[in-house]
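Reproduced below: entry-v3.pdb, with PDB, C-alpha atoms.
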ATOM      1  CA  MET D   1       0.000   0.000   0.000
ATOM      2  CA  SER D   2       2.744   2.459   0.989
ATOM      3  CA  GLU D   3       4.640   1.591  -2.196
ATOM      4  CA  THR D   4       1.610   2.540  -4.290
ATOM      5  CA  LYS D   5       1.215   5.879  -2.506
ATOM      6  CA  SER D   6       4.850   6.771  -3.013
ATOM      7  CA  LYS D   7       4.621   6.528  -6.775
ATOM      8  CA  ARG D   8       4.480   9.827  -8.639
ATOM      9  CA  PRO D   9       0.925  10.242 -10.003
ATOM     10  CA  ARG D  10       0.574  10.234 -13.768
ATOM     11  CA  GLN D  11      -0.932  13.160 -15.629
ATOM     12  CA  ALA D  12      -3.662  10.778 -16.800
ATOM     13  CA  ASP D  13      -4.587  10.108 -13.151
ATOM     14  CA  ILE D  14      -4.766  13.823 -12.390
ATOM     15  CA  ALA D  15      -6.843  14.439 -15.538
ATOM     16  CA  ALA D  16      -9.342  11.725 -14.575
ATOM     17  CA  LEU D  17      -9.744  13.070 -11.039
ATOM     18  CA  ALA D  18     -10.006  16.694 -12.204
ATOM     19  CA  GLY D  19     -12.425  15.874 -15.002
ATOM     20  CA  VAL D  20     -10.318  17.496 -17.714
ATOM     21  CA  SER D  21      -8.201  16.327 -20.638
ATOM     22  CA  ILE D  22      -4.624  15.114 -20.250
ATOM     23  CA  SER D  23      -3.448  17.919 -22.543
ATOM     24  CA  THR D  24      -5.023  20.504 -20.218
ATOM     25  CA  VAL D  25      -3.224  18.985 -17.241
ATOM     26  CA  SER D  26       0.022  18.972 -19.200
ATOM     27  CA  ARG D  27      -0.341  22.655 -20.076
ATOM     28  CA  VAL D  28      -1.123  23.643 -16.484
ATOM     29  CA  LEU D  29       1.791  21.679 -15.033
ATOM     30  CA  ALA D  30       4.068  23.232 -17.659
ATOM     31  CA  ASN D  31       2.757  26.684 -16.663
ATOM     32  CA  GLU D  32       1.591  27.458 -20.191
ATOM     33  CA  PRO D  33      -0.841  30.365 -20.792
ATOM     34  CA  GLY D  34      -4.358  30.089 -22.161
ATOM     35  CA  ILE D  35      -5.970  28.233 -19.225
ATOM     36  CA  SER D  36      -8.528  30.030 -17.052
ATOM     37  CA  GLY D  37      -7.505  30.779 -13.480
ATOM     38  CA  SER D  38     -10.257  28.630 -11.943
ATOM     39  CA  VAL D  39      -9.364  25.576 -14.054
ATOM     40  CA  ARG D  40      -5.656  26.048 -13.340
ATOM     41  CA  GLU D  41      -6.295  26.313  -9.592
ATOM     42  CA  HIS D  42      -8.536  23.222  -9.627
ATOM     43  CA  ILE D  43      -5.950  21.088 -11.434
ATOM     44  CA  LEU D  44      -3.097  22.213  -9.183
ATOM     45  CA  ARG D  45      -5.191  21.428  -6.101
ATOM     46  CA  VAL D  46      -6.007  17.919  -7.367
ATOM     47  CA  ALA D  47      -2.351  17.359  -8.255
ATOM     48  CA  ALA D  48      -1.212  18.470  -4.801
ATOM     49  CA  GLU D  49      -3.737  16.196  -3.105
ATOM     50  CA  ARG D  50      -2.280  13.258  -5.035
ATOM     51  CA  GLY D  51       1.227  14.154  -3.924
ATOM     52  CA  TYR D  52       2.375  15.566  -7.242
ATOM     53  CA  GLN D  53       5.515  17.664  -6.837
ATOM     54  CA  PRO D  54       5.780  20.172  -9.698
ATOM     55  CA  LYS D  55       9.072  20.558 -11.420
ATOM     56  CA  SER D  56      11.063  23.690 -10.756
ATOM     57  CA  PRO D  57       9.486  26.602 -12.621
ATOM     58  CA  MET D  58      10.902  27.545 -15.985
ATOM     59  CA  GLU D  59      12.681  30.794 -16.517
ATOM     60  CA  ALA D  60      10.454  33.726 -17.356
ATOM     61  CA  PRO D  61       9.887  34.021 -21.096
ATOM     62  CA  ALA D  62      11.842  36.563 -23.090
ATOM     63  CA  GLY D  63      10.310  40.009 -23.483
ATOM     64  CA  GLY D  64       7.914  41.017 -26.234
ATOM     65  CA  LEU D  65       7.338  44.327 -28.007
ATOM     66  CA  ALA D  66       4.040  45.223 -29.679
ATOM     67  CA  LEU D  67       4.267  47.750 -32.500
ATOM     68  CA  ILE D  68       0.908  49.213 -33.491
ATOM     69  CA  ALA D  69       0.106  51.175 -36.623
ATOM     70  CA  SER D  70      -0.283  54.671 -35.187
ATOM     71  CA  ASP D  71      -2.615  55.822 -37.980
ATOM     72  CA  SER D  72      -5.202  53.280 -36.810
ATOM     73  CA  VAL D  73      -4.718  53.663 -33.077
ATOM     74  CA  THR D  74      -4.956  57.444 -33.029
ATOM     75  CA  GLY D  75      -7.887  57.490 -35.442
ATOM     76  CA  GLY D  76     -11.391  56.105 -35.371
ATOM     77  CA  LEU D  77     -10.299  52.505 -34.863
ATOM     78  CA  SER D  78      -8.524  53.249 -31.584
ATOM     79  CA  VAL D  79     -11.193  51.428 -29.550
ATOM     80  CA  PHE D  80     -10.613  48.300 -31.654
ATOM     81  CA  TYR D  81      -6.902  48.228 -30.875
ATOM     82  CA  GLU D  82      -7.322  49.233 -27.242
ATOM     83  CA  SER D  83      -9.111  45.930 -26.621
ATOM     84  CA  ILE D  84      -6.384  43.989 -28.406
ATOM     85  CA  VAL D  85      -3.711  45.670 -26.265
ATOM     86  CA  GLU D  86      -5.705  44.790 -23.130
ATOM     87  CA  GLY D  87      -5.628  41.139 -24.204
ATOM     88  CA  LEU D  88      -1.910  41.304 -24.952
ATOM     89  CA  ARG D  89      -1.142  42.844 -21.568
ATOM     90  CA  ALA D  90      -3.317  40.336 -19.708
ATOM     91  CA  GLY D  91      -1.776  37.373 -21.520
ATOM     92  CA  ALA D  92       1.752  38.654 -20.966
ATOM     93  CA  MET D  93       1.068  39.189 -17.274
ATOM     94  CA  GLU D  94      -0.263  35.636 -16.886
ATOM     95  CA  ALA D  95       2.803  34.240 -18.618
ATOM     96  CA  GLY D  96       5.270  36.460 -16.746
ATOM     97  CA  MET D  97       6.423  37.967 -20.037
ATOM     98  CA  PRO D  98       8.005  41.436 -19.967
ATOM     99  CA  PHE D  99       5.887  43.428 -22.418
ATOM    100  CA  GLU D 100       6.042  46.867 -24.033
ATOM    101  CA  VAL D 101       3.884  48.740 -26.553
ATOM    102  CA  ARG D 102       5.026  51.373 -29.040
ATOM    103  CA  LEU D 103       3.301  53.305 -31.828
ATOM    104  CA  LEU D 104       4.844  53.284 -35.289
ATOM    105  CA  ARG D 105       3.605  54.587 -38.606
ATOM    106  CA  GLU D 106       3.317  51.646 -40.963
ATOM    107  CA  ASP D 107       5.255  53.407 -43.727
ATOM    108  CA  ARG D 108       8.140  53.827 -41.264
ATOM    109  CA  ALA D 109       8.241  50.191 -40.143
ATOM    110  CA  SER D 110      11.764  49.652 -41.466
ATOM    111  CA  PRO D 111      14.229  47.076 -40.078
ATOM    112  CA  ASP D 112      16.396  49.848 -38.596
ATOM    113  CA  ALA D 113      13.438  51.522 -36.847
ATOM    114  CA  ILE D 114      12.130  48.252 -35.459
ATOM    115  CA  ARG D 115      15.592  47.090 -34.379
ATOM    116  CA  GLY D 116      15.970  50.347 -32.465
ATOM    117  CA  HIS D 117      12.638  49.868 -30.675
ATOM    118  CA  MET D 118      13.495  46.283 -29.769
ATOM    119  CA  GLU D 119      16.916  47.200 -28.428
ATOM    120  CA  ALA D 120      15.504  50.092 -26.409
ATOM    121  CA  THR D 121      12.882  47.854 -24.785
ATOM    122  CA  LYS D 122      15.195  44.809 -24.522
ATOM    123  CA  SER D 123      12.607  42.750 -26.380
ATOM    124  CA  GLU D 124      13.260  39.501 -28.179
ATOM    125  CA  GLY D 125       9.820  38.891 -29.691
ATOM    126  CA  LEU D 126       7.887  41.252 -31.973
ATOM    127  CA  PHE D 127       4.110  41.629 -32.224
ATOM    128  CA  LEU D 128       3.001  43.496 -35.352
ATOM    129  CA  VAL D 129      -0.481  44.792 -34.544
ATOM    130  CA  GLY D 130      -2.400  45.938 -37.601
ATOM    131  CA  ILE D 131       0.845  46.116 -39.605
ATOM    132  CA  ASP D 132       1.426  44.007 -42.717
ATOM    133  CA  PRO D 133       5.220  43.635 -43.070
ATOM    134  CA  SER D 134       6.766  44.887 -46.296
ATOM    135  CA  ASP D 135       9.040  42.667 -48.394
ATOM    136  CA  VAL D 136      12.092  44.429 -46.935
ATOM    137  CA  LEU D 137      10.866  43.872 -43.385
ATOM    138  CA  ARG D 138      10.022  40.234 -44.095
ATOM    139  CA  GLN D 139      13.525  39.645 -45.416
ATOM    140  CA  TRP D 140      15.046  41.140 -42.243
ATOM    141  CA  ILE D 141      12.777  39.027 -40.027
ATOM    142  CA  GLU D 142      13.823  35.883 -41.876
ATOM    143  CA  GLU D 143      17.550  36.692 -41.937
ATOM    144  CA  GLU D 144      17.644  37.643 -38.239
ATOM    145  CA  ASN D 145      15.243  34.856 -37.218
ATOM    146  CA  VAL D 146      13.143  37.343 -35.233
ATOM    147  CA  PRO D 147      10.158  35.720 -33.445
ATOM    148  CA  VAL D 148       7.134  37.534 -34.897
ATOM    149  CA  VAL D 149       3.384  37.248 -34.379
ATOM    150  CA  LEU D 150       0.954  39.166 -36.582
ATOM    151  CA  VAL D 151      -1.957  40.371 -34.447
ATOM    152  CA  ASN D 152      -5.150  41.068 -36.369
ATOM    153  CA  GLY D 153      -3.067  40.195 -39.388
ATOM    154  CA  THR D 154      -2.662  37.413 -41.918
ATOM    155  CA  ASP D 155       0.466  36.233 -43.698
ATOM    156  CA  PRO D 156      -0.598  34.985 -47.158
ATOM    157  CA  GLN D 157       2.640  32.980 -47.334
ATOM    158  CA  LEU D 158       2.069  31.491 -43.855
ATOM    159  CA  LYS D 159       5.685  31.980 -42.877
ATOM    160  CA  LEU D 160       4.832  34.139 -39.866
ATOM    161  CA  ASP D 161       2.646  33.212 -36.905
ATOM    162  CA  GLY D 162      -0.582  35.151 -36.675
ATOM    163  CA  VAL D 163      -3.988  35.483 -35.109
ATOM    164  CA  SER D 164      -7.047  37.171 -36.595
ATOM    165  CA  PRO D 165     -10.821  37.090 -36.692
ATOM    166  CA  SER D 166     -12.245  34.608 -39.184
ATOM    167  CA  ASN D 167     -12.643  37.320 -41.795
ATOM    168  CA  PHE D 168     -13.718  35.116 -44.694
ATOM    169  CA  PHE D 169     -16.390  33.233 -42.760
ATOM    170  CA  GLY D 170     -17.464  36.326 -40.825
ATOM    171  CA  ALA D 171     -18.152  38.242 -44.051
ATOM    172  CA  PHE D 172     -19.763  35.163 -45.604
ATOM    173  CA  GLN D 173     -22.144  34.930 -42.672
ATOM    174  CA  ALA D 174     -22.846  38.677 -42.749
ATOM    175  CA  ALA D 175     -23.821  38.393 -46.416
ATOM    176  CA  GLU D 176     -26.082  35.446 -45.656
ATOM    177  CA  ARG D 177     -27.936  37.523 -43.044
ATOM    178  CA  LEU D 178     -28.839  40.021 -45.753
ATOM    179  CA  LEU D 179     -29.593  37.338 -48.336
ATOM    180  CA  ASP D 180     -31.808  35.414 -45.915
ATOM    181  CA  ALA D 181     -33.756  38.641 -45.348
ATOM    182  CA  GLY D 182     -34.578  38.674 -49.062
ATOM    183  CA  HIS D 183     -32.075  41.233 -50.387
ATOM    184  CA  ARG D 184     -30.644  40.646 -53.857
ATOM    185  CA  LYS D 185     -28.890  43.961 -54.621
ATOM    186  CA  ILE D 186     -26.370  44.809 -51.914
ATOM    187  CA  LEU D 187     -23.816  47.592 -51.530
ATOM    188  CA  HIS D 188     -20.435  46.604 -50.100
ATOM    189  CA  LEU D 189     -18.515  49.513 -48.593
ATOM    190  CA  THR D 190     -14.916  48.511 -47.922
ATOM    191  CA  GLY D 191     -11.226  49.026 -48.576
ATOM    192  CA  SER D 192      -8.651  46.531 -49.793
ATOM    193  CA  HIS D 193      -5.583  47.897 -48.042
ATOM    194  CA  ARG D 194      -4.875  44.835 -45.861
ATOM    195  CA  HIS D 195      -4.820  41.059 -46.313
ATOM    196  CA  THR D 196      -7.449  40.672 -43.588
ATOM    197  CA  ILE D 197      -9.875  43.003 -45.374
ATOM    198  CA  ARG D 198      -9.328  41.286 -48.706
ATOM    199  CA  GLU D 199     -10.388  38.065 -46.961
ATOM    200  CA  ARG D 200     -13.648  39.782 -45.954
ATOM    201  CA  VAL D 201     -14.207  40.862 -49.551
ATOM    202  CA  ARG D 202     -13.644  37.306 -50.735
ATOM    203  CA  GLY D 203     -16.020  35.843 -48.135
ATOM    204  CA  PHE D 204     -18.771  38.339 -48.928
ATOM    205  CA  ASP D 205     -18.465  37.827 -52.695
ATOM    206  CA  THR D 206     -18.514  34.050 -52.324
ATOM    207  CA  ALA D 207     -21.830  34.131 -50.472
ATOM    208  CA  VAL D 208     -23.437  36.596 -52.908
ATOM    209  CA  VAL D 209     -22.391  34.634 -56.004
ATOM    210  CA  ALA D 210     -23.530  31.347 -54.484
ATOM    211  CA  ARG D 211     -27.041  32.758 -54.049
ATOM    212  CA  GLY D 212     -27.235  34.390 -57.475
ATOM    213  CA  ALA D 213     -27.479  37.888 -56.006
ATOM    214  CA  GLU D 214     -25.792  41.120 -57.086
ATOM    215  CA  SER D 215     -23.387  43.370 -55.208
ATOM    216  CA  LEU D 216     -21.633  46.656 -55.875
ATOM    217  CA  LEU D 217     -18.247  47.239 -54.266
ATOM    218  CA  VAL D 218     -18.004  50.820 -53.021
ATOM    219  CA  PRO D 219     -14.289  51.548 -52.418
ATOM    220  CA  MET D 220     -13.339  53.698 -49.424
ATOM    221  CA  ASP D 221     -10.183  55.807 -49.460
ATOM    222  CA  PHE D 222     -10.200  56.613 -45.690
ATOM    223  CA  SER D 223      -8.701  60.057 -46.245
ATOM    224  CA  GLY D 224     -10.762  61.451 -43.367
ATOM    225  CA  SER D 225     -13.707  60.333 -41.263
ATOM    226  CA  ALA D 226     -14.888  56.891 -42.390
ATOM    227  CA  THR D 227     -18.406  57.707 -41.171
ATOM    228  CA  ARG D 228     -18.573  60.939 -43.174
ATOM    229  CA  GLU D 229     -17.113  59.313 -46.281
ATOM    230  CA  ALA D 230     -19.592  56.425 -46.073
ATOM    231  CA  HIS D 231     -22.461  58.906 -45.634
ATOM    232  CA  GLU D 232     -21.452  60.895 -48.717
ATOM    233  CA  ARG D 233     -20.862  57.868 -50.938
ATOM    234  CA  THR D 234     -24.108  56.175 -49.935
ATOM    235  CA  ALA D 235     -26.162  59.352 -50.400
ATOM    236  CA  ALA D 236     -24.710  59.844 -53.889
ATOM    237  CA  LEU D 237     -25.396  56.238 -54.883
ATOM    238  CA  LEU D 238     -28.971  56.234 -53.634
ATOM    239  CA  ALA D 239     -29.663  59.499 -55.471
ATOM    240  CA  LYS D 240     -28.726  57.761 -58.736
ATOM    241  CA  ASP D 241     -29.996  54.218 -58.110
ATOM    242  CA  LYS D 242     -32.566  53.249 -55.512
ATOM    243  CA  SER D 243     -32.618  49.585 -56.516
ATOM    244  CA  TYR D 244     -30.052  48.637 -53.866
ATOM    245  CA  THR D 245     -31.805  47.620 -50.658
ATOM    246  CA  ALA D 246     -28.978  46.603 -48.319
ATOM    247  CA  ALA D 247     -25.350  47.252 -47.400
ATOM    248  CA  PHE D 248     -22.525  45.278 -45.840
ATOM    249  CA  CYS D 249     -19.908  47.510 -44.218
ATOM    250  CA  MET D 250     -16.260  46.764 -43.497
ATOM    251  CA  ASN D 251     -16.662  48.130 -39.972
ATOM    252  CA  ASP D 252     -19.272  49.723 -37.743
ATOM    253  CA  PHE D 253     -18.028  53.292 -38.276
ATOM    254  CA  ILE D 254     -18.831  52.899 -41.964
ATOM    255  CA  ALA D 255     -22.214  51.374 -41.100
ATOM    256  CA  VAL D 256     -23.078  54.450 -39.010
ATOM    257  CA  GLY D 257     -22.526  56.671 -42.059
ATOM    258  CA  VAL D 258     -24.624  54.399 -44.266
ATOM    259  CA  LEU D 259     -27.450  54.428 -41.726
ATOM    260  CA  GLU D 260     -27.422  58.230 -41.636
ATOM    261  CA  ALA D 261     -27.585  58.493 -45.437
ATOM    262  CA  VAL D 262     -30.349  55.910 -45.761
ATOM    263  CA  THR D 263     -32.450  57.595 -43.091
ATOM    264  CA  GLU D 264     -31.988  61.009 -44.714
ATOM    265  CA  ALA D 265     -33.152  59.491 -48.017
ATOM    266  CA  GLY D 266     -36.482  58.719 -46.341
ATOM    267  CA  LEU D 267     -35.975  54.943 -46.262
ATOM    268  CA  ARG D 268     -37.064  52.851 -43.296
ATOM    269  CA  VAL D 269     -34.505  50.581 -41.625
ATOM    270  CA  PRO D 270     -34.721  47.626 -41.818
ATOM    271  CA  GLU D 271     -38.023  47.514 -43.752
ATOM    272  CA  ASP D 272     -36.743  49.334 -46.861
ATOM    273  CA  PHE D 273     -32.983  49.060 -46.392
ATOM    274  CA  ALA D 274     -30.910  46.661 -44.261
ATOM    275  CA  ILE D 275     -27.372  47.140 -42.938
ATOM    276  CA  VAL D 276     -24.800  44.801 -41.393
ATOM    277  CA  GLY D 277     -21.587  46.129 -39.871
ATOM    278  CA  PHE D 278     -18.461  44.402 -38.559
ATOM    279  CA  ASP D 279     -16.396  44.424 -35.316
ATOM    280  CA  ASP D 280     -19.199  45.174 -32.778
ATOM    281  CA  LEU D 281     -17.678  48.469 -31.681
ATOM    282  CA  PRO D 282     -19.349  50.541 -28.921
ATOM    283  CA  CYS D 283     -20.932  52.843 -31.518
ATOM    284  CA  ALA D 284     -23.074  49.924 -32.743
ATOM    285  CA  MET D 285     -25.324  50.277 -29.683
ATOM    286  CA  MET D 286     -25.619  54.054 -29.990
ATOM    287  CA  THR D 287     -27.450  54.276 -33.311
ATOM    288  CA  ASN D 288     -31.211  54.273 -33.825
ATOM    289  CA  PRO D 289     -31.920  51.485 -34.435
ATOM    290  CA  PRO D 290     -28.860  49.696 -32.992
ATOM    291  CA  LEU D 291     -26.607  48.201 -35.660
ATOM    292  CA  SER D 292     -26.757  44.566 -36.619
ATOM    293  CA  THR D 293     -23.077  43.628 -36.703
ATOM    294  CA  MET D 294     -20.483  40.852 -36.335
ATOM    295  CA  ARG D 295     -18.633  40.582 -33.023
ATOM    296  CA  VAL D 296     -14.836  40.248 -32.940
ATOM    297  CA  ASP D 297     -13.371  39.110 -29.600
ATOM    298  CA  ARG D 298     -10.481  41.536 -29.696
ATOM    299  CA  ALA D 299      -9.080  40.769 -26.243
ATOM    300  CA  ALA D 300      -8.925  37.071 -27.178
ATOM    301  CA  LEU D 301      -6.787  37.952 -30.191
ATOM    302  CA  GLY D 302      -4.244  39.534 -27.843
ATOM    303  CA  ARG D 303      -4.177  36.577 -25.459
ATOM    304  CA  GLU D 304      -3.762  34.078 -28.292
ATOM    305  CA  ALA D 305      -0.918  36.142 -29.710
ATOM    306  CA  ILE D 306       0.985  35.819 -26.422
ATOM    307  CA  ALA D 307       0.523  32.039 -26.461
ATOM    308  CA  LEU D 308       1.821  31.896 -30.040
ATOM    309  CA  MET D 309       4.886  33.933 -29.089
ATOM    310  CA  ILE D 310       5.734  31.694 -26.142
ATOM    311  CA  ALA D 311       5.465  28.651 -28.410
ATOM    312  CA  ARG D 312       7.750  30.380 -30.910
ATOM    313  CA  PHE D 313      10.313  31.154 -28.199
ATOM    314  CA  ARG D 314      10.395  27.435 -27.360
ATOM    315  CA  ASP D 315      10.810  26.269 -30.946
ATOM    316  CA  ARG D 316      12.182  28.766 -33.448
ATOM    317  CA  THR D 317      12.082  26.197 -36.277
ATOM    318  CA  ALA D 318       8.477  24.997 -35.938
ATOM    319  CA  PRO D 319       6.132  25.604 -38.903
ATOM    320  CA  ALA D 320       4.204  28.860 -38.667
ATOM    321  CA  ARG D 321       0.662  28.765 -37.317
ATOM    322  CA  HIS D 322      -2.313  31.013 -37.900
ATOM    323  CA  LEU D 323      -5.224  31.029 -35.454
ATOM    324  CA  CYS D 324      -8.687  32.244 -36.473
ATOM    325  CA  HIS D 325     -11.367  33.290 -34.014
ATOM    326  CA  ALA D 326     -14.994  32.847 -34.985
ATOM    327  CA  VAL D 327     -16.931  36.048 -35.628
ATOM    328  CA  VAL D 328     -20.330  36.009 -33.912
ATOM    329  CA  PRO D 329     -23.476  37.668 -35.327
ATOM    330  CA  VAL D 330     -24.961  40.374 -33.101
ATOM    331  CA  SER D 331     -28.680  40.985 -33.514
ATOM    332  CA  GLY D 332     -29.474  44.653 -33.864
ATOM    333  CA  GLY D 333     -32.236  46.560 -35.541
ATOM    334  CA  THR D 334     -30.802  47.125 -39.014
ATOM    335  CA  VAL D 335     -31.489  43.680 -40.450
ATOM    336  CA  PRO D 336     -34.322  41.283 -39.560
ATOM    337  CA  ASP D 337     -32.421  38.094 -38.734
ATOM    338  CA  ALA D 338     -34.224  35.000 -39.954
ATOM    339  CA  LYS D 339     -34.580  33.561 -36.425
ATOM    340  CA  ASN D 340     -36.313  36.740 -35.266
ATOM    341  CA  ARG D 341     -38.798  36.971 -38.143
TER     342      ARG D 341
END
Have the structure of the file written as structure tokens, please.
Amino acid sequence: MSETKSKRPRQADIAALAGVSISTVSRVLANEPGISGSVREHILRVAAERGYQPKSPMEAPAGGLALIASDSVTGGLSVFYESIVEGLRAGAMEAGMPFEVRLLREDRASPDAIRGHMEATKSEGLFLVGIDPSDVLRQWIEEENVPVVLVNGTDPQLKLDGVSPSNFFGAFQAAERLLDAGHRKILHLTGSHRHTIRERVRGFDTAVVARGAESLLVPMDFSGSATREAHERTAALLAKDKSYTAAFCMNDFIAVGVLEAVTEAGLRVPEDFAIVGFDDLPCAMMTNPPLSTMRVDRAALGREAIALMIARFRDRTAPARHLCHAVVPVSGGTVPDAKNR
């Protein structure tokens, strides 16, 4: 009996007693991030009760630096990136990772500028938040073997780790909400300046074509207020052609402008004209009626990015990974969702 008790418990034993998977136990005992505090505490308590002696803790992970495109953060999308930074900070704190944030204009994201920021903050890992690396920057990253995670970004070559919303499927689902409501001529107000946005365009177009509907891409140049630009473009289009009865918008700021223009044109929302936004920003609940949109868990993107960086620190030669978070429909008042009709 005493011999049995003296044996070190297996992770499978702890998993069975705790009611979780073996992989979850393994991650907790290895002090990996991404496990909720209550689950972690429960597993450690079960392990201690079975006499499990944890191995000596690993050294704290190397530091990480997040560079954020300053044009986005200081403009209308600041609230979007604030939530991502909150997730990054929370994930870094859980993992014991030294973490810094700096603003950088995307057109100045040169190897020399980034090297200077990393040296000043004594950072080994680089988070590019809302920044698509140029060819020159990619070459430097590869030559120097810099651990990089794209946050709210996608690498079309899949050579860099990244985490993003499921842009293709989110836009596909947004289009289906409008199609299911009976709309067959839909405006699509968007830009194509980033890989992530081009994925939204592709997802939206795929859904529209599959249903035999028609869409008109309305390009945005984002030279000023996205809401004002969307208002002006939508008003001009409706003055020429009133056959379009719905709009899908790249983000909620654009959707606000569309809603203003549609209302001014004397159209009822959603009876005469339906609108679906994207991101579920705070402004979505401030319109009348509230926007129907697609929710992006921005804090989760930050936390997942930290986990990807820690994995990259442990294995610099592992194949790159890209994680996609599902985008969840938010019922508002600008489109009659099928389940609510």
Residues proximal to (-13.5, 50.2, -42.4) were defined as those with any atom within 7 Å of that point in the file's coordinates, counting all atoms listed in the file. Which are they, as a ChimeraX atom specification?
/D:190-191,226,250-251,253-254
Would you save the residues of that selection, restricted to C-alpha atoms, as an mmCIF file, keeping the file's coordinate frame?
data_model
loop_
_atom_site.group_PDB
_atom_site.id
_atom_site.type_symbol
_atom_site.label_atom_id
_atom_site.label_comp_id
_atom_site.auth_asym_id
_atom_site.auth_seq_id
_atom_site.Cartn_x
_atom_site.Cartn_y
_atom_site.Cartn_z
ATOM 1 C CA THR D 190 -14.916 48.511 -47.922
ATOM 2 C CA GLY D 191 -11.226 49.026 -48.576
ATOM 3 C CA ALA D 226 -14.888 56.891 -42.390
ATOM 4 C CA MET D 250 -16.260 46.764 -43.497
ATOM 5 C CA ASN D 251 -16.662 48.130 -39.972
ATOM 6 C CA PHE D 253 -18.028 53.292 -38.276
ATOM 7 C CA ILE D 254 -18.831 52.899 -41.964
#
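Across D:Ile35, D:Val256, D:Val163, D:Ala307, the tightest approach to Ala326 (chain D) is made by D:Val163 when counting all atoms listed in the file.
Among D:Ser110, D:Thr121, D:Ser292, D:Ser164, the residue with the shortest atom-to-atom distance to Trp140 (chain D), counting all atoms listed in the file, is D:Ser110.
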Residue contacts of region 16-25 of chain D (8 Å, only C-alpha atoms) excluding same-chain residues fewer than 3 positions away, as JSON, numbers by chain:
{"D": [11, 12, 13, 28, 29, 35, 42, 43, 46]}
Residues within 6 Å of Leu291 (chain D), please, as a list in words. Count only C-alpha atoms; anything in the same chain fewer than 5 positions from it doesn't count.
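Near Leu291 (chain D), the qualifying residues are Ala284, Gly332, Gly333 and Thr334 of chain D.
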Take the point (-28.7, 39.1, -49.4) in the file's coordinates, draw a sphere of radius 9 Å around it, and report as a compact mmCIF listing (two decimals) with C-alpha atoms, keeping the file's coordinate frame every protein, DNA or RNA residue with an atom inside or on it, counting all atoms listed in the file.
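Saved as selection11.txt:
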# COMPACT_ATOMS: atom_id res chain seq x y z
CA ALA D 174 -22.85 38.68 -42.75
CA ALA D 175 -23.82 38.39 -46.42
CA GLU D 176 -26.08 35.45 -45.66
CA ARG D 177 -27.94 37.52 -43.04
CA LEU D 178 -28.84 40.02 -45.75
CA LEU D 179 -29.59 37.34 -48.34
CA ASP D 180 -31.81 35.41 -45.92
CA ALA D 181 -33.76 38.64 -45.35
CA GLY D 182 -34.58 38.67 -49.06
CA HIS D 183 -32.08 41.23 -50.39
CA ARG D 184 -30.64 40.65 -53.86
CA LYS D 185 -28.89 43.96 -54.62
CA ILE D 186 -26.37 44.81 -51.91
CA ALA D 207 -21.83 34.13 -50.47
CA VAL D 208 -23.44 36.60 -52.91
CA ARG D 211 -27.04 32.76 -54.05
CA ALA D 213 -27.48 37.89 -56.01
CA GLU D 214 -25.79 41.12 -57.09
CA SER D 215 -23.39 43.37 -55.21
CA ALA D 246 -28.98 46.60 -48.32
Completed region 231-241 of chain D (N, CA and C atoms) as a short mmCIF file (atom, residue, chain, number, x, y, z; two decimals), in the frame of the given file:
data_model
loop_
_atom_site.label_atom_id
_atom_site.label_comp_id
_atom_site.auth_asym_id
_atom_site.auth_seq_id
_atom_site.Cartn_x
_atom_site.Cartn_y
_atom_site.Cartn_z
N HIS D 231 -21.22 58.14 -45.50
CA HIS D 231 -22.46 58.91 -45.63
C HIS D 231 -22.53 59.54 -47.01
N GLU D 232 -21.46 60.19 -47.44
CA GLU D 232 -21.45 60.90 -48.72
C GLU D 232 -21.57 59.93 -49.89
N ARG D 233 -20.83 58.83 -49.83
CA ARG D 233 -20.86 57.87 -50.94
C ARG D 233 -22.22 57.19 -51.05
N THR D 234 -22.80 56.84 -49.91
CA THR D 234 -24.11 56.18 -49.94
C THR D 234 -25.19 57.12 -50.43
N ALA D 235 -25.17 58.37 -49.96
CA ALA D 235 -26.16 59.35 -50.40
C ALA D 235 -26.09 59.56 -51.91
N ALA D 236 -24.87 59.64 -52.45
CA ALA D 236 -24.71 59.84 -53.89
C ALA D 236 -25.22 58.64 -54.67
N LEU D 237 -24.96 57.45 -54.19
CA LEU D 237 -25.40 56.24 -54.88
C LEU D 237 -26.92 56.11 -54.88
N LEU D 238 -27.52 56.36 -53.73
CA LEU D 238 -28.97 56.23 -53.63
C LEU D 238 -29.69 57.29 -54.47
N ALA D 239 -29.06 58.46 -54.65
CA ALA D 239 -29.66 59.50 -55.47
C ALA D 239 -29.72 59.07 -56.93
N LYS D 240 -28.78 58.22 -57.36
CA LYS D 240 -28.73 57.76 -58.74
C LYS D 240 -29.48 56.45 -58.94
N ASP D 241 -29.43 55.56 -57.95
CA ASP D 241 -30.00 54.22 -58.11
C ASP D 241 -30.58 53.74 -56.79
#
